[in-house]
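As stored in coords16.cif (mmCIF, C-alpha atoms):
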data_structure
loop_
_atom_site.label_atom_id
_atom_site.label_comp_id
_atom_site.auth_asym_id
_atom_site.auth_seq_id
_atom_site.Cartn_x
_atom_site.Cartn_y
_atom_site.Cartn_z
CA MET Y 1 192.28 117.25 126.34
CA THR Y 2 190.11 118.98 128.92
CA PRO Y 3 189.49 116.75 131.95
CA ALA Y 4 185.90 115.87 132.77
CA PRO Y 5 184.47 117.66 135.78
CA ALA Y 6 184.60 115.68 139.01
CA ALA Y 7 181.38 113.88 139.86
CA ASP Y 8 179.42 115.03 142.88
CA GLN Y 9 179.67 111.86 144.95
CA SER Y 10 176.95 113.04 147.30
CA GLN Y 11 174.36 112.85 144.53
CA PRO Y 12 172.69 109.71 143.12
CA LEU Y 13 173.97 108.43 139.80
CA GLU Y 14 171.98 109.20 136.71
CA LYS Y 15 169.76 106.33 135.63
CA GLY Y 16 171.20 103.96 133.05
CA LEU Y 17 173.62 101.07 132.58
CA TYR Y 18 177.25 101.41 133.73
CA ILE Y 19 179.82 98.92 132.41
CA VAL Y 20 182.46 98.75 135.15
CA ALA Y 21 185.88 97.11 134.82
CA THR Y 22 187.25 95.46 137.97
CA PRO Y 23 190.76 94.15 138.80
CA ILE Y 24 192.06 90.96 137.20
CA GLY Y 25 194.23 90.12 140.20
CA ASN Y 26 195.74 93.04 142.05
CA LEU Y 27 192.97 94.85 143.89
CA GLY Y 28 194.98 98.06 143.65
CA ASP Y 29 194.03 98.23 139.97
CA ILE Y 30 190.46 99.31 140.70
CA THR Y 31 189.97 102.87 139.48
CA LEU Y 32 188.66 105.74 141.57
CA ARG Y 33 185.85 106.20 139.10
CA ALA Y 34 184.87 102.52 139.32
CA ILE Y 35 184.73 102.72 143.13
CA ASP Y 36 182.53 105.81 142.91
CA VAL Y 37 180.12 104.21 140.43
CA LEU Y 38 179.88 100.96 142.37
CA ARG Y 39 179.24 102.86 145.60
CA ARG Y 40 176.45 104.97 144.09
CA SER Y 41 174.78 102.30 141.93
CA ASP Y 42 171.31 101.14 142.90
CA VAL Y 43 171.95 97.60 141.59
CA ILE Y 44 175.13 95.73 140.61
CA ALA Y 45 174.68 92.91 138.09
CA CYS Y 46 177.48 90.35 138.43
CA GLU Y 47 178.52 86.86 137.35
CA ASP Y 48 178.97 85.47 140.85
CA THR Y 49 177.63 87.32 143.90
CA ARG Y 50 180.29 85.69 146.08
CA VAL Y 51 183.18 86.93 143.96
CA THR Y 52 181.83 90.45 143.58
CA GLY Y 53 180.77 90.44 147.23
CA LYS Y 54 184.40 89.94 148.29
CA LEU Y 55 185.54 92.88 146.17
CA LEU Y 56 182.81 95.12 147.54
CA LYS Y 57 183.63 94.10 151.09
CA HIS Y 58 187.29 95.02 150.45
CA LEU Y 59 186.13 98.42 149.16
CA GLY Y 60 183.71 98.94 152.04
CA ILE Y 61 180.69 99.07 149.75
CA ALA Y 62 177.28 97.70 150.65
CA ALA Y 63 175.27 97.10 147.50
CA ARG Y 64 172.31 95.27 146.09
CA LEU Y 65 173.66 92.44 143.92
CA GLN Y 66 171.84 90.62 141.16
CA ARG Y 67 173.32 87.61 139.39
CA HIS Y 68 173.76 87.97 135.63
CA ASP Y 69 175.83 85.37 133.78
CA ASP Y 70 175.90 83.60 130.40
CA HIS Y 71 172.89 81.55 131.42
CA ALA Y 72 170.70 84.53 132.27
CA SER Y 73 167.23 84.21 130.81
CA ASP Y 74 165.49 86.68 128.54
CA ALA Y 75 163.24 87.56 131.46
CA ALA Y 76 166.25 88.29 133.71
CA ARG Y 77 167.71 90.65 131.10
CA ALA Y 78 164.34 92.33 130.70
CA ARG Y 79 164.20 92.95 134.47
CA LEU Y 80 167.65 94.59 134.46
CA ILE Y 81 166.72 96.74 131.48
CA ALA Y 82 163.54 97.81 133.24
CA LEU Y 83 165.57 98.74 136.31
CA ALA Y 84 168.05 100.74 134.21
CA GLN Y 85 165.19 102.84 132.86
CA THR Y 86 164.67 104.34 136.33
CA GLN Y 87 167.83 103.47 138.32
CA ALA Y 88 171.60 103.21 138.03
CA VAL Y 89 172.58 99.63 137.18
CA ALA Y 90 176.27 98.65 137.18
CA LEU Y 91 177.45 95.61 135.22
CA VAL Y 92 180.63 93.83 136.35
CA SER Y 93 182.27 90.49 135.57
CA ASP Y 94 184.23 88.35 138.01
CA ALA Y 95 187.42 90.08 136.86
CA GLY Y 96 188.47 92.57 134.23
CA THR Y 97 186.36 94.33 131.62
CA PRO Y 98 182.80 93.04 131.13
CA LEU Y 99 181.87 91.61 127.69
CA ILE Y 100 185.48 90.58 126.88
CA SER Y 101 184.79 86.82 126.86
CA ASP Y 102 182.42 87.57 129.73
CA PRO Y 103 178.65 87.98 129.97
CA GLY Y 104 176.96 91.21 128.98
CA TYR Y 105 176.76 91.47 125.19
CA ARG Y 106 173.03 90.77 124.97
CA LEU Y 107 172.26 93.02 127.92
CA VAL Y 108 174.15 95.97 126.44
CA SER Y 109 172.70 95.38 122.98
CA GLU Y 110 169.13 95.24 124.24
CA ALA Y 111 169.66 98.21 126.56
CA ARG Y 112 170.88 100.25 123.60
CA GLU Y 113 167.84 99.23 121.58
CA ALA Y 114 165.67 100.34 124.51
CA GLY Y 115 167.26 103.79 124.45
CA ILE Y 116 168.94 103.43 127.84
CA ALA Y 117 171.99 105.59 128.55
CA ILE Y 118 175.13 103.41 128.66
CA THR Y 119 178.39 104.50 130.25
CA THR Y 120 181.67 102.61 130.23
CA ILE Y 121 184.08 102.74 133.17
CA PRO Y 122 187.33 101.34 131.66
CA GLY Y 123 190.03 99.52 133.56
CA ALA Y 124 191.94 96.24 133.67
CA CYS Y 125 191.73 93.78 130.76
CA ALA Y 126 193.80 90.58 130.68
CA ALA Y 127 194.04 90.51 126.87
CA ILE Y 128 195.55 94.00 126.70
CA ALA Y 129 197.78 93.40 129.73
CA GLY Y 130 199.16 90.26 128.07
CA LEU Y 131 199.76 92.11 124.81
CA THR Y 132 201.76 94.82 126.56
CA LEU Y 133 204.00 92.23 128.21
CA ALA Y 134 204.61 89.89 125.27
CA GLY Y 135 206.70 92.17 123.08
CA LEU Y 136 204.91 90.89 119.97
CA PRO Y 137 203.78 93.26 117.19
CA ASN Y 138 200.89 95.29 118.54
CA ASP Y 139 200.04 97.65 115.69
CA ARG Y 140 197.39 95.09 114.67
CA PHE Y 141 195.92 92.40 116.89
CA LEU Y 142 192.87 90.17 117.00
CA PHE Y 143 191.25 88.94 120.19
CA ALA Y 144 189.75 85.51 119.51
CA GLY Y 145 188.47 84.45 122.94
CA PHE Y 146 188.84 80.88 124.13
CA LEU Y 147 190.01 78.16 121.75
CA PRO Y 148 187.56 75.26 121.28
CA VAL Y 149 188.09 72.26 123.54
CA LYS Y 150 187.74 69.55 120.89
CA ASP Y 151 190.74 68.85 118.67
CA LYS Y 152 189.01 69.19 115.30
CA ALA Y 153 187.16 72.36 116.24
CA ARG Y 154 190.40 73.85 117.59
CA ALA Y 155 192.29 72.94 114.41
CA ASP Y 156 189.51 74.39 112.23
CA THR Y 157 189.55 77.63 114.21
CA LEU Y 158 193.32 77.99 113.93
CA THR Y 159 193.28 77.18 110.22
CA GLY Y 160 190.66 79.87 109.70
CA LEU Y 161 192.91 82.40 111.44
CA ALA Y 162 196.08 81.40 109.58
CA GLY Y 163 195.96 84.28 107.11
CA VAL Y 164 195.28 87.02 109.65
CA GLU Y 165 198.27 89.35 109.51
CA ALA Y 166 198.11 90.37 113.15
CA THR Y 167 199.04 89.12 116.60
CA LEU Y 168 196.36 86.72 117.82
CA ILE Y 169 195.20 86.80 121.44
CA PHE Y 170 193.43 83.88 123.10
CA TYR Y 171 192.30 83.11 126.61
CA GLU Y 172 193.11 79.61 127.87
CA THR Y 173 192.78 77.59 131.03
CA ALA Y 174 195.74 75.98 132.77
CA PRO Y 175 194.61 72.35 132.22
CA ARG Y 176 194.21 72.94 128.46
CA LEU Y 177 197.31 75.05 127.83
CA GLU Y 178 199.76 72.30 126.85
CA ARG Y 179 197.30 70.67 124.48
CA SER Y 180 196.58 73.97 122.76
CA LEU Y 181 200.30 74.67 122.41
CA ARG Y 182 200.81 71.23 120.83
CA ALA Y 183 198.07 72.05 118.33
CA LEU Y 184 199.69 75.41 117.57
CA ALA Y 185 203.05 73.70 117.06
CA GLU Y 186 201.49 71.48 114.39
CA ILE Y 187 200.04 74.41 112.44
CA TRP Y 188 202.51 77.26 113.08
CA PRO Y 189 205.87 75.75 114.11
CA THR Y 190 207.87 78.89 113.30
CA ARG Y 191 205.74 81.64 114.81
CA THR Y 192 206.82 83.36 118.00
CA MET Y 193 204.31 82.92 120.80
CA ALA Y 194 203.90 84.04 124.38
CA VAL Y 195 202.13 82.78 127.47
CA ALA Y 196 201.15 85.42 130.02
CA ARG Y 197 199.74 84.18 133.32
CA GLU Y 198 198.97 85.31 136.85
CA LEU Y 199 198.76 88.84 135.46
CA THR Y 200 199.09 91.64 138.04
CA LYS Y 201 199.63 89.06 140.80
CA LEU Y 202 202.73 88.20 142.82
CA HIS Y 203 203.89 85.45 140.44
CA GLU Y 204 203.14 87.24 137.17
CA GLU Y 205 204.90 85.54 134.26
CA CYS Y 206 205.29 86.11 130.54
CA ARG Y 207 207.28 83.48 128.64
CA ARG Y 208 208.09 83.63 124.92
CA GLY Y 209 209.20 81.02 122.43
CA SER Y 210 207.93 78.66 119.76
CA ALA Y 211 204.80 76.66 120.50
CA ALA Y 212 206.88 73.49 120.86
CA GLU Y 213 209.27 75.14 123.32
CA LEU Y 214 206.42 76.51 125.39
CA ALA Y 215 204.57 73.18 125.36
CA ALA Y 216 207.69 71.41 126.63
CA HIS Y 217 208.16 73.97 129.40
CA TYR Y 218 204.60 73.75 130.66
CA ALA Y 219 204.60 69.97 130.43
CA ALA Y 220 207.48 70.03 132.91
CA HIS Y 221 206.05 72.92 134.93
CA PRO Y 222 202.23 72.64 134.99
CA PRO Y 223 200.80 76.17 135.16
CA LYS Y 224 198.16 77.62 137.43
CA GLY Y 225 195.85 80.55 137.05
CA GLU Y 226 194.15 82.25 134.14
CA ILE Y 227 196.20 82.46 130.95
CA VAL Y 228 196.56 84.75 127.95
CA LEU Y 229 198.04 82.96 124.94
CA LEU Y 230 199.47 85.17 122.20
CA VAL Y 231 200.57 84.19 118.69
CA GLY Y 232 202.79 86.44 116.60
CA PRO Y 233 201.69 87.30 113.05
CA PRO Y 234 202.70 85.21 110.03
CA VAL Y 235 206.29 85.51 108.89
CA ALA Y 236 206.37 87.75 105.81
CA ALA Y 237 207.31 85.85 102.68
CA GLU Y 238 210.32 88.10 102.03
CA ALA Y 239 211.60 87.33 105.51
CA CYS Y 240 211.49 83.59 104.94
CA GLU Y 241 214.69 83.40 102.90
CA ASP Y 242 216.72 82.78 106.04
CA LEU Y 243 214.48 79.94 107.22
CA ASP Y 244 215.77 76.38 106.86
CA SER Y 245 212.85 75.11 104.81
CA ASP Y 246 214.48 71.70 104.39
CA ALA Y 247 214.60 71.25 108.16
CA LEU Y 248 210.95 72.22 108.46
CA LEU Y 249 210.01 69.83 105.66
CA ARG Y 250 211.99 66.96 107.18
CA ALA Y 251 210.26 67.47 110.51
CA ALA Y 252 206.86 67.47 108.84
CA LEU Y 253 207.69 64.45 106.63
CA ALA Y 254 208.33 62.38 109.73
CA GLU Y 255 204.59 62.45 110.37
CA MET Y 256 202.84 63.11 107.07
CA SER Y 257 202.88 62.84 103.28
CA PRO Y 258 204.86 65.23 101.04
CA ALA Y 259 201.67 67.06 100.04
CA LYS Y 260 200.57 67.63 103.62
CA ALA Y 261 204.11 68.50 104.70
CA ALA Y 262 204.35 71.11 101.95
CA GLY Y 263 201.00 72.57 102.93
CA LYS Y 264 201.98 72.77 106.59
CA VAL Y 265 205.30 74.52 105.90
CA ALA Y 266 203.71 76.85 103.33
CA LYS Y 267 201.07 77.92 105.84
CA ALA Y 268 203.68 78.51 108.55
CA THR Y 269 206.17 80.42 106.42
CA GLY Y 270 204.37 81.92 103.45
CA LEU Y 271 206.72 80.10 101.02
CA ASP Y 272 205.43 78.76 97.71
CA ARG Y 273 203.53 75.52 98.25
CA ALA Y 274 204.32 74.02 94.84
CA ALA Y 275 208.05 74.55 95.29
CA LEU Y 276 207.88 73.11 98.79
CA TYR Y 277 206.01 70.06 97.50
CA ALA Y 278 208.61 69.40 94.83
CA ARG Y 279 211.37 69.66 97.45
CA ALA Y 280 209.43 67.44 99.87
CA VAL Y 281 209.18 64.71 97.21
CA GLU Y 282 212.96 64.93 96.68
CA LEU Y 283 213.63 64.69 100.40
CA LYS Y 284 211.27 61.77 100.79
CA ALA Y 285 212.92 59.90 97.93
CA GLY Y 286 216.46 60.70 99.06
#

File written out as structure tokens:
Amino acid sequence: MTPAPAADQSQPLEKGLYIVATPIGNLGDITLRAIDVLRRSDVIACEDTRVTGKLLKHLGIAARLQRHDDHASDAARARLIALAQTQAVALVSDAGTPLISDPGYRLVSEAREAGIAITTIPGACAAIAGLTLAGLPNDRFLFAGFLPVKDKARADTLTGLAGVEATLIFYETAPRLERSLRALAEIWPTRTMAVARELTKLHEECRRGSAAELAAHYAAHPPKGEIVLLVGPPVAAEACEDLDSDALLRAALAEMSPAKAAGKVAKATGLDRAALYARAVELKAG
């Protein structure tokens, strides 16, 4: 691949919208290209001017900042699009790659409809960093953002993702982590999961195990920081022969009816639900 020619940093940037990734923790992860674009942009649209202001101060960049978050009005987006028609506008989030569970989707979509040139400046992304650390299958993965806060909505979301044959990636907050892991343990007790936190920082951690094991650990050791929660893909049916289905059924029967227990184990393992139900009835009776 032929490298792109180096930009002339003495010249103004071409007009348009620049999507700029920033560090997720370690400031050393800012790219040279990102620094150049931020330095030469006419306007930087950001979630929080205080957060971005600290980064720019560290980089020695003086810039015109304009707040742009999830609550930005249609009029605010229209103003940025108008600016990008004649100036260089950079879009950043508080950390990582913009638009990945961060503001920007509507702005980029409307800018594209307006015929504005859009350039991406790639860099750090917590979801991808977590995936590289977890050691879970990564040939197929699905990023699913933040899990819902309410129990029923969370359960409905997870149930809808049950058949996805890929590693699932979620973002989660520290106060909600244990509760989400408990919910995952109910639905997918046998899947391997991972919690990646404090990514790129001094106390970076990636811990693997079942949802129940991870929930117990974080109940005893309350986490801090932003978290990436990863769920391994469903266990292939042919690989389930070595599973102790009776043990799984007994655990489920302690809390639910044979029909529900069979459904739960079938969803977690891929085993035949009818056969599991028949066995659950036997276990319940015995």

| Quick one: residues within 12 Å of Ala82 (chain Y), all atoms listed in the file counted, chain neighbours fewer than 2 positions away excluded, as a ChimeraX atom specification? | /Y:15-17,43,75-80,84-89,107,110-111,114-116

| field | All residues 8 Å or closer to Asp94 (chain Y), only C-alpha atoms, same chain fewer than 3 positions away omitted, as a ChimeraX atom specification | value | /Y:22,46-48,51-52

Distance table requested - region 164-221 of chain Y against region 124-140 of chain Y, cut-off 12 Å, only C-alpha atoms: one row per qualifying residue with the closest atom pair and its distance in Å to one decimal, ordered by chain and rising residue number, as JSON lines.
{"residue": "Y:Val164", "atom": "CA", "partner": "Y:Arg140", "partner_atom": "CA", "distance": 9.7}
{"residue": "Y:Glu165", "atom": "CA", "partner": "Y:Arg140", "partner_atom": "CA", "distance": 7.8}
{"residue": "Y:Ala166", "atom": "CA", "partner": "Y:Arg140", "partner_atom": "CA", "distance": 5.0}
{"residue": "Y:Thr167", "atom": "CA", "partner": "Y:Pro137", "partner_atom": "CA", "distance": 6.3}
{"residue": "Y:Leu168", "atom": "CA", "partner": "Y:Arg140", "partner_atom": "CA", "distance": 9.0}
{"residue": "Y:Ile169", "atom": "CA", "partner": "Y:Ala127", "partner_atom": "CA", "distance": 6.7}
{"residue": "Y:Phe170", "atom": "CA", "partner": "Y:Ala127", "partner_atom": "CA", "distance": 7.7}
{"residue": "Y:Tyr171", "atom": "CA", "partner": "Y:Ala127", "partner_atom": "CA", "distance": 7.6}
{"residue": "Y:Glu172", "atom": "CA", "partner": "Y:Ala127", "partner_atom": "CA", "distance": 11.0}
{"residue": "Y:Arg191", "atom": "CA", "partner": "Y:Leu136", "partner_atom": "CA", "distance": 10.6}
{"residue": "Y:Thr192", "atom": "CA", "partner": "Y:Leu136", "partner_atom": "CA", "distance": 8.0}
{"residue": "Y:Met193", "atom": "CA", "partner": "Y:Leu136", "partner_atom": "CA", "distance": 8.0}
{"residue": "Y:Ala194", "atom": "CA", "partner": "Y:Ala134", "partner_atom": "CA", "distance": 6.0}
{"residue": "Y:Val195", "atom": "CA", "partner": "Y:Ala134", "partner_atom": "CA", "distance": 7.8}
{"residue": "Y:Ala196", "atom": "CA", "partner": "Y:Gly130", "partner_atom": "CA", "distance": 5.6}
{"residue": "Y:Arg197", "atom": "CA", "partner": "Y:Gly130", "partner_atom": "CA", "distance": 8.1}
{"residue": "Y:Glu198", "atom": "CA", "partner": "Y:Ala126", "partner_atom": "CA", "distance": 9.6}
{"residue": "Y:Leu199", "atom": "CA", "partner": "Y:Ala126", "partner_atom": "CA", "distance": 7.1}
{"residue": "Y:Thr200", "atom": "CA", "partner": "Y:Ala129", "partner_atom": "CA", "distance": 8.6}
{"residue": "Y:Lys201", "atom": "CA", "partner": "Y:Ala126", "partner_atom": "CA", "distance": 11.8}
{"residue": "Y:Glu204", "atom": "CA", "partner": "Y:Leu133", "partner_atom": "CA", "distance": 10.3}
{"residue": "Y:Glu205", "atom": "CA", "partner": "Y:Leu133", "partner_atom": "CA", "distance": 9.1}
{"residue": "Y:Cys206", "atom": "CA", "partner": "Y:Ala134", "partner_atom": "CA", "distance": 6.5}
{"residue": "Y:Arg207", "atom": "CA", "partner": "Y:Ala134", "partner_atom": "CA", "distance": 7.7}
{"residue": "Y:Arg208", "atom": "CA", "partner": "Y:Ala134", "partner_atom": "CA", "distance": 7.2}
{"residue": "Y:Gly209", "atom": "CA", "partner": "Y:Ala134", "partner_atom": "CA", "distance": 10.4}

Take the residues from that selection and write them out as a PDB file, keeping the file's coordinate frame, keeping C-alpha atoms.
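After the write, selection39.pdb holds the following:
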ATOM      1  CA  VAL Y 164     195.280  87.020 109.650  1.00  0.00           C
ATOM      2  CA  GLU Y 165     198.270  89.350 109.510  1.00  0.00           C
ATOM      3  CA  ALA Y 166     198.110  90.370 113.150  1.00  0.00           C
ATOM      4  CA  THR Y 167     199.040  89.120 116.600  1.00  0.00           C
ATOM      5  CA  LEU Y 168     196.360  86.720 117.820  1.00  0.00           C
ATOM      6  CA  ILE Y 169     195.200  86.800 121.440  1.00  0.00           C
ATOM      7  CA  PHE Y 170     193.430  83.880 123.100  1.00  0.00           C
ATOM      8  CA  TYR Y 171     192.300  83.110 126.610  1.00  0.00           C
ATOM      9  CA  GLU Y 172     193.110  79.610 127.870  1.00  0.00           C
ATOM     10  CA  ARG Y 191     205.740  81.640 114.810  1.00  0.00           C
ATOM     11  CA  THR Y 192     206.820  83.360 118.000  1.00  0.00           C
ATOM     12  CA  MET Y 193     204.310  82.920 120.800  1.00  0.00           C
ATOM     13  CA  ALA Y 194     203.900  84.040 124.380  1.00  0.00           C
ATOM     14  CA  VAL Y 195     202.130  82.780 127.470  1.00  0.00           C
ATOM     15  CA  ALA Y 196     201.150  85.420 130.020  1.00  0.00           C
ATOM     16  CA  ARG Y 197     199.740  84.180 133.320  1.00  0.00           C
ATOM     17  CA  GLU Y 198     198.970  85.310 136.850  1.00  0.00           C
ATOM     18  CA  LEU Y 199     198.760  88.840 135.460  1.00  0.00           C
ATOM     19  CA  THR Y 200     199.090  91.640 138.040  1.00  0.00           C
ATOM     20  CA  LYS Y 201     199.630  89.060 140.800  1.00  0.00           C
ATOM     21  CA  GLU Y 204     203.140  87.240 137.170  1.00  0.00           C
ATOM     22  CA  GLU Y 205     204.900  85.540 134.260  1.00  0.00           C
ATOM     23  CA  CYS Y 206     205.290  86.110 130.540  1.00  0.00           C
ATOM     24  CA  ARG Y 207     207.280  83.480 128.640  1.00  0.00           C
ATOM     25  CA  ARG Y 208     208.090  83.630 124.920  1.00  0.00           C
ATOM     26  CA  GLY Y 209     209.200  81.020 122.430  1.00  0.00           C
TER      27      GLY Y 209
END

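Our summary of the geometry notes that CA of Arg179 (chain Y) is positioned 19.8 Å from CA of Met256 (chain Y).
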
| task | Can you work out which one of Y:Leu38, Y:Ala117, Y:Ile19, Y:Asp29 has the shortest atom-to-atom distance to Pro103 (chain Y), counting only C-alpha atoms? | result | Y:Ile19

| said: Let me make sure I understand: among Y:Ala215, Y:Val37, Y:Ala278, Y:Ile121, which one has the smallest atom-to-atom distance to Arg182 (chain Y) if we use all atoms listed in the file? | reply: Y:Ala215

| message | I want to know what sits within 12 Å of Leu99 (chain Y), based on all atoms listed in the file, with residues of the same chain fewer than 3 positions away left out; could you give that as a list in words? | response |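 The filter keeps Ile19, Val20, Ala21, Cys46, Glu47, His68, Asp69, Asp70, Leu91, Val92, Ser93, Asp94, Ala95, Gly96, Asp102, Pro103, Gly104, Tyr105, Arg106, Leu107, Val108, Ser109, Thr120, Pro122, Cys125 and Gly145 of chain Y.
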
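The spacing separating CA of Pro223 (chain Y) from CA of Leu177 (chain Y) amounts to 8.2 Å.
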
| Distance criterion (all atoms listed in the file): nearest to Ala212 (chain Y) out of Y:Asn26, Y:Gln11, Y:Thr269, Y:Thr190 |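 Under the stated criterion, the closest residue is Y:Thr190.
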
| Computed interatomic separation between CA of Ala45 (chain Y) and CA of Leu27 (chain Y) (Å) |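 That distance, rounded to one decimal, is 19.3 Å.
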
Please put the answer as JSON: centre and edge lengths, in Å with one decimal, of a box along x, y and z that encloses all listed atoms of region 49-63 of chain Y plus 6 Å on each side.
{"center_x": 181.3, "center_y": 92.4, "center_z": 147.8, "size_x": 24.0, "size_y": 25.4, "size_z": 20.5}

| message | I need the residue nearest Arg40 (chain Y) from this list: Y:Gly53, Y:Ile61, Y:Ala155, Y:Pro12. Use all atoms listed in the file for the distance. | response |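 Looking at the shortest contact to Arg40 (chain Y), the residue is Y:Pro12.
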